[in-house]
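Have a look at run_21.txt below; it lists compact mmCIF, C-alpha atoms.
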# COMPACT_ATOMS: atom_id res chain seq x y z
CA MET E 4 -22.01 -3.74 6.74
CA LYS E 5 -18.93 -1.67 5.91
CA VAL E 6 -15.19 -2.07 5.52
CA THR E 7 -13.22 -0.72 8.47
CA LEU E 8 -9.85 -2.44 7.99
CA ILE E 9 -7.83 -3.91 5.15
CA SER E 10 -4.65 -5.90 5.61
CA ILE E 11 -1.53 -5.50 3.49
CA PRO E 12 1.13 -8.20 4.00
CA VAL E 13 4.58 -6.78 4.70
CA ARG E 14 7.91 -8.45 5.41
CA ASP E 15 9.23 -5.69 7.67
CA GLN E 16 6.70 -3.66 9.65
CA GLU E 17 9.11 -0.84 10.53
CA LYS E 18 10.23 -0.44 6.91
CA ALA E 19 6.59 -0.50 5.81
CA LEU E 20 5.63 2.07 8.44
CA ASN E 21 8.35 4.41 7.20
CA PHE E 22 7.40 3.96 3.54
CA TYR E 23 3.65 4.31 4.04
CA THR E 24 3.94 7.36 6.32
CA GLU E 25 7.01 9.24 5.09
CA ILE E 26 6.64 8.53 1.35
CA LEU E 27 2.92 7.90 0.81
CA GLY E 28 1.65 10.25 3.53
CA PHE E 29 -0.54 7.92 5.59
CA ILE E 30 -0.87 8.57 9.34
CA LYS E 31 -0.17 5.98 12.04
CA LYS E 32 -3.37 5.25 14.00
CA LYS E 33 -2.58 2.21 16.18
CA ASP E 34 0.70 0.64 17.22
CA LEU E 35 0.25 -2.11 19.80
CA PRO E 36 2.78 -4.86 20.63
CA LEU E 37 1.59 -8.40 19.90
CA GLY E 38 4.65 -10.28 21.11
CA GLY E 39 7.42 -11.91 19.16
CA GLY E 40 8.40 -8.54 17.70
CA ASN E 41 5.04 -8.19 15.91
CA ARG E 42 2.71 -5.21 16.20
CA TRP E 43 -0.92 -4.36 15.51
CA LEU E 44 0.12 -1.48 13.29
CA THR E 45 -2.57 0.45 11.44
CA LEU E 46 -2.59 3.55 9.27
CA VAL E 47 -5.24 5.88 7.92
CA SER E 48 -5.40 8.33 5.06
CA ALA E 49 -4.45 11.88 6.00
CA GLU E 50 -7.44 12.94 3.91
CA TRP E 51 -9.89 10.50 5.54
CA GLN E 52 -8.77 9.88 9.11
CA ASP E 53 -12.10 8.29 10.09
CA GLY E 54 -12.01 5.99 7.04
CA PRO E 55 -10.79 2.40 6.79
CA GLU E 56 -7.54 1.48 8.50
CA ILE E 57 -4.67 -0.28 6.73
CA LEU E 58 -3.13 -3.05 8.83
CA LEU E 59 0.55 -3.61 8.02
CA GLU E 60 0.34 -7.38 8.52
CA PRO E 61 3.56 -9.38 9.10
CA ALA E 62 1.88 -12.56 7.79
CA PRO E 63 4.52 -13.44 5.15
CA ASN E 64 7.05 -13.86 7.97
CA HIS E 65 4.91 -16.41 9.83
CA PHE E 66 2.50 -17.98 7.36
CA LYS E 67 4.08 -19.62 4.32
CA PRO E 68 0.93 -19.47 2.11
CA SER E 69 0.83 -15.70 2.59
CA LYS E 70 4.45 -15.40 1.44
CA ILE E 71 3.79 -17.65 -1.57
CA PHE E 72 0.73 -15.60 -2.56
CA GLN E 73 2.60 -12.31 -2.11
CA ASP E 74 5.56 -13.58 -4.18
CA ALA E 75 3.23 -14.84 -6.93
CA LEU E 76 1.50 -11.45 -7.21
CA MET E 77 4.86 -9.65 -7.38
CA ASP E 78 6.24 -12.07 -9.98
CA ALA E 79 3.13 -11.61 -12.14
CA GLY E 80 3.22 -7.82 -11.72
CA TYR E 81 -0.26 -7.76 -10.20
CA PRO E 82 -1.11 -5.14 -7.60
CA TYR E 83 -2.06 -6.32 -4.12
CA THR E 84 -4.49 -3.43 -3.67
CA GLN E 85 -5.29 0.01 -5.01
CA PHE E 86 -5.39 3.54 -3.66
CA ASP E 87 -7.58 6.17 -5.27
CA VAL E 88 -5.94 9.54 -5.95
CA LYS E 89 -7.17 12.81 -7.40
CA ASN E 90 -4.37 13.01 -9.97
CA VAL E 91 -2.27 9.98 -10.95
CA ASP E 92 0.21 12.09 -12.94
CA ALA E 93 0.88 14.38 -9.97
CA GLU E 94 1.33 11.40 -7.61
CA TYR E 95 3.61 9.69 -10.12
CA ASP E 96 5.77 12.82 -10.36
CA ARG E 97 5.86 13.28 -6.57
CA LEU E 98 6.69 9.65 -5.85
CA THR E 99 9.33 9.22 -8.57
CA LYS E 100 11.13 12.24 -7.08
CA LEU E 101 11.19 10.22 -3.83
CA ASN E 102 12.75 7.26 -5.70
CA VAL E 103 9.62 5.09 -5.71
CA GLU E 104 9.87 2.49 -8.48
CA PHE E 105 6.94 2.19 -10.87
CA SER E 106 6.33 -0.87 -13.03
CA MET E 107 3.54 0.95 -14.88
CA LYS E 108 3.66 4.65 -15.65
CA PRO E 109 0.36 6.56 -15.66
CA THR E 110 -1.79 4.88 -18.29
CA LYS E 111 -5.30 5.79 -19.43
CA MET E 112 -7.76 2.88 -19.47
CA GLU E 113 -11.27 3.85 -20.55
CA THR E 114 -12.60 5.99 -17.67
CA LEU E 115 -9.54 5.51 -15.42
CA LYS E 116 -5.89 6.41 -15.29
CA VAL E 117 -3.68 3.93 -13.42
CA ALA E 118 -0.06 3.52 -12.34
CA ILE E 119 1.59 0.71 -10.38
CA PHE E 120 4.50 1.02 -7.93
CA ASN E 121 6.54 -1.22 -5.63
CA ASP E 122 5.93 -0.51 -1.94
CA THR E 123 9.42 -1.90 -1.02
CA CYS E 124 7.69 -4.37 1.33
CA GLY E 125 6.75 -7.12 -1.13
CA ASN E 126 3.74 -5.58 -2.89
CA ASN E 127 2.73 -3.79 -6.03
CA ILE E 128 0.22 -1.04 -5.31
CA GLN E 129 -2.02 0.46 -7.98
CA LEU E 130 -2.94 4.15 -8.01
CA VAL E 131 -6.26 4.92 -9.67
CA GLU E 132 -7.74 8.20 -10.86
CA LYS E 133 -11.34 8.25 -12.04
CA LEU E 134 -11.54 10.41 -15.17
As C-alpha cells, what does this structure read like?
Amino acid sequence: MKVTLISIPVRDQEKALNFYTEILGFIKKKDLPLGGGNRWLTLVSAEWQDGPEILLEPAPNHFKPSKIFQDALMDAGYPYTQFDVKNVDAEYDRLTKLNVEFSMKPTKMETLKVAIFNDTCGNNIQLVEKL
C-alpha cells in the first residue's frame, strides 16, 4: 500500500494552479474537465515527478462540511498539510520575496525547523526541514 494522491481543498482551482505552480514550483500533471466548471487538476513536485500527486480539490465550493472544516483550520492557524523542504530559511526568504504571507516564521522545534504560510486558497501550509 502506498500514497499516490493527496487532496487539498481550494476555493478557486485556477488561482490555486497559479499559486502552486508559479510561486511554489509544482508541475501540472493532469487537467481534465469534470463538468460544472470543475477539473481533475493534479500537480507533482518538480523534484519528484513520479511521486504522489496533489489534487486541487474544489470541495469547499460544493460540500459545506469541507468549507466548514477548511475555515476552522484557518481560524485556528492549523496547517492543512505539510511539504518537506531541504532548507526552511531559504524557502521562507524566496517565498516572502514573492509576497507569500507567513503566519509562522522559521522556528526550530527539537529535530525540525518549521514555517507556516497561507496558500491564498483557504489553507495554511507547513514547510518542514528535518535537522
Please list as an mmCIF file with C-alpha atoms, in the coordinates of the input every residue within 7 Å of Leu130 of chain E, counting only C-alpha atoms and excluding residues in the same chain fewer than 5 positions away.
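Output (part.cif):
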data_model
loop_
_atom_site.group_PDB
_atom_site.id
_atom_site.type_symbol
_atom_site.label_atom_id
_atom_site.label_comp_id
_atom_site.auth_asym_id
_atom_site.auth_seq_id
_atom_site.Cartn_x
_atom_site.Cartn_y
_atom_site.Cartn_z
ATOM 1 C CA GLN E 85 -5.290 0.010 -5.010
ATOM 2 C CA PHE E 86 -5.390 3.540 -3.660
ATOM 3 C CA ASP E 87 -7.580 6.170 -5.270
ATOM 4 C CA VAL E 88 -5.940 9.540 -5.950
ATOM 5 C CA VAL E 91 -2.270 9.980 -10.950
ATOM 6 C CA VAL E 117 -3.680 3.930 -13.420
ATOM 7 C CA ALA E 118 -0.060 3.520 -12.340
ATOM 8 C CA ILE E 119 1.590 0.710 -10.380
#
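Minimum distance to Ala79 of chain E across E:Glu17, E:Lys31, E:Met4, E:Asn127 (counting all atoms listed in the file) occurs at E:Asn127.
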> Of the candidates E:Glu104, E:Pro12, E:Glu132, E:Asn21, which shows the shortest atom-to-atom distance to Ile71 of chain E, using only C-alpha atoms?
Replying inline: E:Pro12
> Taking (2.0, 4.5, -14.1) in the file's coordinates, which residues come within 12 Å, counting only C-alpha atoms, written as a PyMOL selection string?
Replying inline: chain E and resi 90-96+98-99+103-112+115-121+127-132
> Which residue gives the smallest distance to Glu50 of chain E among E:Ser10, E:Ala19, E:Lys89, E:Lys33, with only C-alpha atoms counted?
Replying inline: E:Lys89
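In this structure, atom CA of Leu44 of chain E sits 8.2 Å away from atom CA of Ile57 of chain E.
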>> Quick check, in Å to one decimal: how far apart do atom CA of Leu101 of chain E and atom CA of Asn126 of chain E lie?
In response: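 Taking atom CA of Leu101 of chain E as the start and atom CA of Asn126 of chain E as the end point, the length is 17.5 Å.
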> Do you have the atom CA of Trp51 of chain E-atom CA of Ile26 of chain E distance handy?
Replying inline: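 Rounded to one decimal, the two atoms are 17.2 Å apart.
Closest approach to Trp43 of chain E from the set E:Asn102, E:Ser69, E:Gln16, E:Thr7 is made by E:Gln16, with distances taken over all atoms listed in the file.
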>> With distances taken over all atoms listed in the file, which residue among E:Lys18, E:His65, E:Lys100, E:Lys32 lies nearest Asp53 of chain E?
In response: E:Lys32
Mind listing as a compact mmCIF listing (two decimals) with C-alpha atoms, keeping the file's coordinate frame all residues within 7 Å of (-15.1, 0.8, 8.6), counting only C-alpha atoms?
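Contents of the output file result.txt:
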# COMPACT_ATOMS: atom_id res chain seq x y z
CA LYS E 5 -18.93 -1.67 5.91
CA VAL E 6 -15.19 -2.07 5.52
CA THR E 7 -13.22 -0.72 8.47
CA LEU E 8 -9.85 -2.44 7.99
CA GLY E 54 -12.01 5.99 7.04
CA PRO E 55 -10.79 2.40 6.79
> Looking at E:Asp122, E:Glu60, E:Asp34, E:Asp78, which one is nearest to Val13 of chain E, with distances taken over only C-alpha atoms?
Replying inline: E:Glu60
Please put the answer as JSON: centre and edge lengths, in Å with one decimal, of a box along x, y and z that encloses all listed atoms of segment 44-52 of chain E plus 8 Å on each side.
{"center_x": -4.9, "center_y": 5.7, "center_z": 8.6, "size_x": 26.0, "size_y": 30.4, "size_z": 25.4}
Could you give me, as a PDB file with C-alpha atoms, in the frame of the given file, the residues within 12 Å of Lys70 of chain E, counting only C-alpha atoms and dropping anything in the same chain fewer than 6 positions from it?
ATOM      1  CA  ILE E  11      -1.530  -5.500   3.490  1.00  0.00           C
ATOM      2  CA  PRO E  12       1.130  -8.200   4.000  1.00  0.00           C
ATOM      3  CA  VAL E  13       4.580  -6.780   4.700  1.00  0.00           C
ATOM      4  CA  ARG E  14       7.910  -8.450   5.410  1.00  0.00           C
ATOM      5  CA  GLU E  60       0.340  -7.380   8.520  1.00  0.00           C
ATOM      6  CA  PRO E  61       3.560  -9.380   9.100  1.00  0.00           C
ATOM      7  CA  ALA E  62       1.880 -12.560   7.790  1.00  0.00           C
ATOM      8  CA  PRO E  63       4.520 -13.440   5.150  1.00  0.00           C
ATOM      9  CA  ASN E  64       7.050 -13.860   7.970  1.00  0.00           C
ATOM     10  CA  LEU E  76       1.500 -11.450  -7.210  1.00  0.00           C
ATOM     11  CA  MET E  77       4.860  -9.650  -7.380  1.00  0.00           C
ATOM     12  CA  CYS E 124       7.690  -4.370   1.330  1.00  0.00           C
ATOM     13  CA  GLY E 125       6.750  -7.120  -1.130  1.00  0.00           C
ATOM     14  CA  ASN E 126       3.740  -5.580  -2.890  1.00  0.00           C
TER      15      ASN E 126
END
